[in-house]
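Okay, structure first, notes after.
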Amino acid sequence: MLASIHVYPLKSGAALALESARVQVRGFEHDRRWMVVDADGKFITGRKHPRLTLIRAEPVGDGTLQLRAPDMPLLRLAPVATSPRMGVEVWNSHVAAQAANSESDDWISTFLGHPARFVHMDETCLRPVDPDHSHPGDIVSFADGYPLLLISQAALDLLNSKLAQPVPMLRFRPSIVIAGTQPHAEDGWKRVRIGGIDFDVVKPCIRCVFTTVDFERGEFDPSGEPLRTLLTYRKTPKGVSFGQNLIPRGTGLLRVGDAVEVLA
């Protein structure tokens, strides 16, 4: 069963828990269509700037977000269609994104304490998925690499049974949480159908220091958890694995409570 749905309108920003979300080719509608970059256009994330997790971004239509953050004024963040596009880098991808206005850039620069800018991915900004794990024409948002991330609730429950202090699921920033499976059952899946929409299960998600960010405080957890414990039982040759990346093979609406069917 589909237990919860999460979107992150601003990359590395706070999660929004939804009862339903529309699946599009590059992921959930509104998910990670905005990103923070430095003066050179290189992406900025919570791995180095955990305070980003304190920014709550809510879609208000037409690509526009309403942003709230501690000790900052409310900001209406909108793309500027008439501005020249800005070349930006996210991991190994280079795309031409829409810029925001200077007022918005001043806001994020003040919040982070150094020069930064907001950029927006509109429909003409196309970022291909890694061809080693996708079909030609597959695209993704400003997410790290794939349109959606699925984790079983049982995987988190197993982890928390090993921790002195349990961690919330949002430490792992899933798109979709599945209930009613064995721990890490998703590791054996190749294709899955959720609410009538098919998805390819393409690659394990390799975890990093971002899992150690306490998003309620916008700071790293001094214990180094849960990554420290995950290293004891989830380490693979490519790193610590937790959850699976998905690519949708259809579009439509998903709702909490939808049935989950493993196809392969």
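Within each chain, counting starts at residue 1; across the structure tokens, chains are named A, B, ... in the order shown, with ligands numbered 1 upward in that order.
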**OP:** Considering only C-alpha atoms, return as a ChimeraX atom specification whatever protein or nucleic-acid residues lie within 12 Å of segment 101-116 of chain A, sequence-local ones (same chain, fewer than 2 positions apart) excluded.
**Re:** /A:10,35-46,48-55,64-84,98-99,118-120,218
Keeping only C-alpha atoms, write the selected residues to a file as a compact mmCIF listing (two decimals), in the first residue's frame.
# COMPACT_ATOMS: atom_id res chain seq x y z
CA LEU A 10 12.79 23.56 -3.58
CA MET A 35 17.03 25.01 -6.94
CA VAL A 36 19.62 27.22 -5.27
CA VAL A 37 22.90 27.84 -7.11
CA ASP A 38 26.05 29.80 -6.38
CA ALA A 39 27.29 32.77 -8.38
CA ASP A 40 28.78 30.40 -10.98
CA GLY A 41 25.52 28.45 -11.42
CA LYS A 42 26.64 25.36 -9.49
CA PHE A 43 23.96 23.70 -7.39
CA ILE A 44 23.84 24.17 -3.62
CA THR A 45 22.31 21.49 -1.40
CA GLY A 46 21.83 20.57 2.24
CA LYS A 48 27.00 21.58 2.65
CA HIS A 49 24.28 24.02 3.68
CA PRO A 50 21.89 22.17 6.00
CA ARG A 51 19.98 25.40 6.73
CA LEU A 52 18.30 24.92 3.36
CA THR A 53 16.12 22.25 4.99
CA LEU A 54 14.48 24.98 7.07
CA ILE A 55 12.98 26.66 4.00
CA THR A 64 5.53 30.25 -8.32
CA LEU A 65 6.40 29.32 -4.74
CA GLN A 66 5.72 30.96 -1.41
CA LEU A 67 8.76 30.63 0.86
CA ARG A 68 9.00 30.77 4.64
CA ALA A 69 12.19 30.51 6.67
CA PRO A 70 13.26 31.42 10.21
CA ASP A 71 13.86 35.15 10.73
CA MET A 72 13.14 35.90 7.06
CA PRO A 73 10.22 37.76 5.47
CA LEU A 74 7.68 35.81 3.46
CA LEU A 75 8.90 35.55 -0.14
CA ARG A 76 6.91 35.01 -3.31
CA LEU A 77 9.37 33.29 -5.63
CA ALA A 78 8.47 33.49 -9.31
CA PRO A 79 10.42 32.80 -12.50
CA VAL A 80 11.20 35.81 -14.69
CA ALA A 81 10.30 34.74 -18.22
CA THR A 82 11.90 37.82 -19.78
CA SER A 83 15.30 37.30 -18.14
CA PRO A 84 18.12 35.59 -20.04
CA GLN A 98 15.03 30.40 -15.71
CA ALA A 99 16.34 32.99 -13.28
CA PHE A 118 17.30 30.75 -7.27
CA VAL A 119 16.70 29.02 -10.62
CA HIS A 120 13.59 27.40 -12.06
CA GLY A 218 18.88 22.72 10.02
Which of segment 39-254 of chain A fall in alpha helix (DSSP H), as an mmCIF file with N, CA and C atoms, in the first residue's frame:
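This went into result.cif:
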data_model
loop_
_atom_site.group_PDB
_atom_site.id
_atom_site.type_symbol
_atom_site.label_atom_id
_atom_site.label_comp_id
_atom_site.auth_asym_id
_atom_site.auth_seq_id
_atom_site.Cartn_x
_atom_site.Cartn_y
_atom_site.Cartn_z
ATOM 1 N N SER A 102 15.993 39.828 -8.709
ATOM 2 C CA SER A 102 17.099 40.156 -7.803
ATOM 3 C C SER A 102 16.653 40.174 -6.348
ATOM 4 N N GLU A 103 15.401 40.534 -6.084
ATOM 5 C CA GLU A 103 14.892 40.534 -4.710
ATOM 6 C C GLU A 103 14.957 39.127 -4.115
ATOM 7 N N SER A 104 14.586 38.123 -4.917
ATOM 8 C CA SER A 104 14.634 36.738 -4.455
ATOM 9 C C SER A 104 16.071 36.296 -4.211
ATOM 10 N N ASP A 105 16.975 36.703 -5.091
ATOM 11 C CA ASP A 105 18.372 36.329 -4.914
ATOM 12 C C ASP A 105 18.952 36.986 -3.661
ATOM 13 N N ASP A 106 18.554 38.196 -3.362
ATOM 14 C CA ASP A 106 18.997 38.854 -2.124
ATOM 15 C C ASP A 106 18.496 38.082 -0.907
ATOM 16 N N TRP A 107 17.268 37.588 -0.990
ATOM 17 C CA TRP A 107 16.656 36.845 0.126
ATOM 18 C C TRP A 107 17.468 35.588 0.440
ATOM 19 N N ILE A 108 17.762 34.774 -0.566
ATOM 20 C CA ILE A 108 18.478 33.530 -0.311
ATOM 21 C C ILE A 108 19.934 33.802 0.057
ATOM 22 N N SER A 109 20.527 34.845 -0.489
ATOM 23 C CA SER A 109 21.903 35.199 -0.128
ATOM 24 C C SER A 109 21.980 35.607 1.336
ATOM 25 N N THR A 110 20.992 36.367 1.792
ATOM 26 C CA THR A 110 20.944 36.768 3.199
ATOM 27 C C THR A 110 20.755 35.550 4.095
ATOM 28 N N PHE A 111 19.879 34.660 3.712
ATOM 29 C CA PHE A 111 19.586 33.479 4.538
ATOM 30 C C PHE A 111 20.813 32.577 4.675
ATOM 31 N N LEU A 112 21.545 32.378 3.574
ATOM 32 C CA LEU A 112 22.702 31.482 3.605
ATOM 33 C C LEU A 112 23.976 32.168 4.067
ATOM 34 N N GLN A 153 8.405 1.319 4.417
ATOM 35 C CA GLN A 153 8.351 1.682 5.834
ATOM 36 C C GLN A 153 9.101 0.661 6.681
ATOM 37 N N ALA A 154 9.049 -0.597 6.265
ATOM 38 C CA ALA A 154 9.722 -1.658 7.019
ATOM 39 C C ALA A 154 11.234 -1.469 7.035
ATOM 40 N N ALA A 155 11.800 -0.878 5.970
ATOM 41 C CA ALA A 155 13.241 -0.606 5.948
ATOM 42 C C ALA A 155 13.612 0.391 7.038
ATOM 43 N N LEU A 156 12.792 1.429 7.194
ATOM 44 C CA LEU A 156 13.053 2.402 8.259
ATOM 45 C C LEU A 156 12.850 1.772 9.633
ATOM 46 N N ASP A 157 11.818 0.964 9.773
ATOM 47 C CA ASP A 157 11.558 0.322 11.062
ATOM 48 C C ASP A 157 12.747 -0.549 11.478
ATOM 49 N N LEU A 158 13.325 -1.272 10.522
ATOM 50 C CA LEU A 158 14.492 -2.102 10.822
ATOM 51 C C LEU A 158 15.664 -1.229 11.264
ATOM 52 N N LEU A 159 15.904 -0.155 10.533
ATOM 53 C CA LEU A 159 16.981 0.760 10.908
ATOM 54 C C LEU A 159 16.767 1.304 12.315
ATOM 55 N N ASN A 160 15.568 1.768 12.600
ATOM 56 C CA ASN A 160 15.307 2.379 13.905
ATOM 57 C C ASN A 160 15.440 1.383 15.053
ATOM 58 N N SER A 161 15.241 0.102 14.746
ATOM 59 C CA SER A 161 15.425 -0.920 15.789
ATOM 60 C C SER A 161 16.889 -1.044 16.185
ATOM 61 N N LEU A 227 23.741 7.363 9.248
ATOM 62 C CA LEU A 227 24.716 6.847 8.293
ATOM 63 C C LEU A 227 25.710 5.902 8.966
ATOM 64 N N ARG A 228 26.084 6.219 10.198
ATOM 65 C CA ARG A 228 27.056 5.377 10.906
ATOM 66 C C ARG A 228 26.524 3.952 11.055
ATOM 67 N N THR A 229 25.264 3.812 11.444
ATOM 68 C CA THR A 229 24.688 2.476 11.614
ATOM 69 C C THR A 229 24.438 1.806 10.273
ATOM 70 N N LEU A 230 24.000 2.561 9.288
ATOM 71 C CA LEU A 230 23.761 1.973 7.964
ATOM 72 C C LEU A 230 25.039 1.356 7.387
ATOM 73 N N LEU A 231 26.181 1.932 7.697
ATOM 74 C CA LEU A 231 27.452 1.388 7.212
ATOM 75 C C LEU A 231 27.708 -0.020 7.734
ATOM 76 N N THR A 232 27.060 -0.395 8.824
ATOM 77 C CA THR A 232 27.300 -1.720 9.403
ATOM 78 C C THR A 232 26.503 -2.819 8.724
ATOM 79 N N TYR A 233 25.449 -2.457 7.966
ATOM 80 C CA TYR A 233 24.659 -3.536 7.362
ATOM 81 C C TYR A 233 24.085 -3.218 5.981
#
Select from segment 4-90 of chain A everything DSSP, run on the backbone, classes as strand (DSSP E or B), then give the selection as a PDB file with C-alpha atoms, in the first residue's frame.
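Contents of the output file states.pdb:
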ATOM      1  CA  SER A   4       2.727   8.495   2.120  1.00  0.00           C
ATOM      2  CA  ILE A   5       3.640  10.944  -0.632  1.00  0.00           C
ATOM      3  CA  HIS A   6       6.229  13.716  -0.358  1.00  0.00           C
ATOM      4  CA  VAL A   7       7.317  16.516  -2.665  1.00  0.00           C
ATOM      5  CA  LEU A  10      12.785  23.558  -3.580  1.00  0.00           C
ATOM      6  CA  LEU A  16       5.455  18.676   1.816  1.00  0.00           C
ATOM      7  CA  ALA A  17       3.348  15.646   2.756  1.00  0.00           C
ATOM      8  CA  LEU A  18       0.414  15.248   0.357  1.00  0.00           C
ATOM      9  CA  SER A  20      -2.303  12.913  -3.611  1.00  0.00           C
ATOM     10  CA  ALA A  21       0.170  14.009  -6.268  1.00  0.00           C
ATOM     11  CA  ARG A  22       0.257  14.005 -10.048  1.00  0.00           C
ATOM     12  CA  VAL A  23       2.961  11.898 -11.672  1.00  0.00           C
ATOM     13  CA  GLN A  24       4.622  13.620 -14.631  1.00  0.00           C
ATOM     14  CA  GLY A  27       8.588  13.226 -11.332  1.00  0.00           C
ATOM     15  CA  PHE A  28       5.779  14.529  -9.148  1.00  0.00           C
ATOM     16  CA  TRP A  34      13.415  25.143  -8.071  1.00  0.00           C
ATOM     17  CA  MET A  35      17.035  25.008  -6.942  1.00  0.00           C
ATOM     18  CA  VAL A  36      19.615  27.224  -5.269  1.00  0.00           C
ATOM     19  CA  VAL A  37      22.902  27.843  -7.106  1.00  0.00           C
ATOM     20  CA  LYS A  42      26.637  25.358  -9.488  1.00  0.00           C
ATOM     21  CA  PHE A  43      23.963  23.701  -7.392  1.00  0.00           C
ATOM     22  CA  ILE A  44      23.844  24.171  -3.623  1.00  0.00           C
ATOM     23  CA  ARG A  56       9.346  25.679   3.498  1.00  0.00           C
ATOM     24  CA  ALA A  57       8.245  26.216  -0.095  1.00  0.00           C
ATOM     25  CA  GLU A  58       4.602  25.906  -1.122  1.00  0.00           C
ATOM     26  CA  PRO A  59       3.411  26.008  -4.761  1.00  0.00           C
ATOM     27  CA  VAL A  60       0.911  28.789  -5.475  1.00  0.00           C
ATOM     28  CA  GLY A  61       0.545  28.300  -9.248  1.00  0.00           C
ATOM     29  CA  THR A  64       5.529  30.255  -8.318  1.00  0.00           C
ATOM     30  CA  LEU A  65       6.404  29.320  -4.735  1.00  0.00           C
ATOM     31  CA  GLN A  66       5.717  30.960  -1.410  1.00  0.00           C
ATOM     32  CA  LEU A  67       8.757  30.632   0.861  1.00  0.00           C
ATOM     33  CA  ARG A  68       8.996  30.768   4.637  1.00  0.00           C
ATOM     34  CA  LEU A  75       8.902  35.550  -0.144  1.00  0.00           C
ATOM     35  CA  ARG A  76       6.911  35.007  -3.315  1.00  0.00           C
ATOM     36  CA  LEU A  77       9.367  33.292  -5.631  1.00  0.00           C
ATOM     37  CA  PRO A  79      10.418  32.803 -12.502  1.00  0.00           C
ATOM     38  CA  MET A  86      21.182  30.915 -16.853  1.00  0.00           C
ATOM     39  CA  GLY A  87      23.442  27.926 -17.371  1.00  0.00           C
ATOM     40  CA  VAL A  88      23.388  25.791 -14.228  1.00  0.00           C
ATOM     41  CA  GLU A  89      25.060  22.604 -13.093  1.00  0.00           C
ATOM     42  CA  VAL A  90      23.537  19.832 -10.992  1.00  0.00           C
TER      43      VAL A  90
END
Original post:
Looking at A:Glu261, A:Glu225, A:Asp200, A:Asp130, which one is nearest to Leu148 of chain A, with distances taken over only C-alpha atoms?
Top reply: A:Asp200
Subject >> Gap from atom CA of Ser152 of chain A to atom CA of Ser223 of chain A - Å, one decimal >> reply: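 We find that atom CA of Ser152 of chain A and atom CA of Ser223 of chain A lie 24.2 Å from each other.
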Subject >> Contacts of segment 239-255 of chain A within 6 Å, only C-alpha atoms, excl. fewer than 5 positions in-chain, as a PyMOL selection string >> reply: chain A and resi 19-24+147-151+195+197-207+234
Subject >> Of the listed residues A:Val262, A:Ser141, A:Ala14, A:Ile176, that which approaches Arg217 of chain A most closely, counting only C-alpha atoms >> reply: A:Ala14
Subject >> Shell around Thr211 of chain A at 9 Å using only C-alpha atoms, local window under 3 positions removed, as an NGL selection string >> reply: :A and (47 or 170-173 or 207-208 or 214 or 220 or 224-227)
Original post:
How many Å separate atom CA of Ala96 of chain A from atom CA of Ser12 of chain A?
Top reply: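 Computed distance, atom CA of Ala96 of chain A to atom CA of Ser12 of chain A, equals 19.9 Å.
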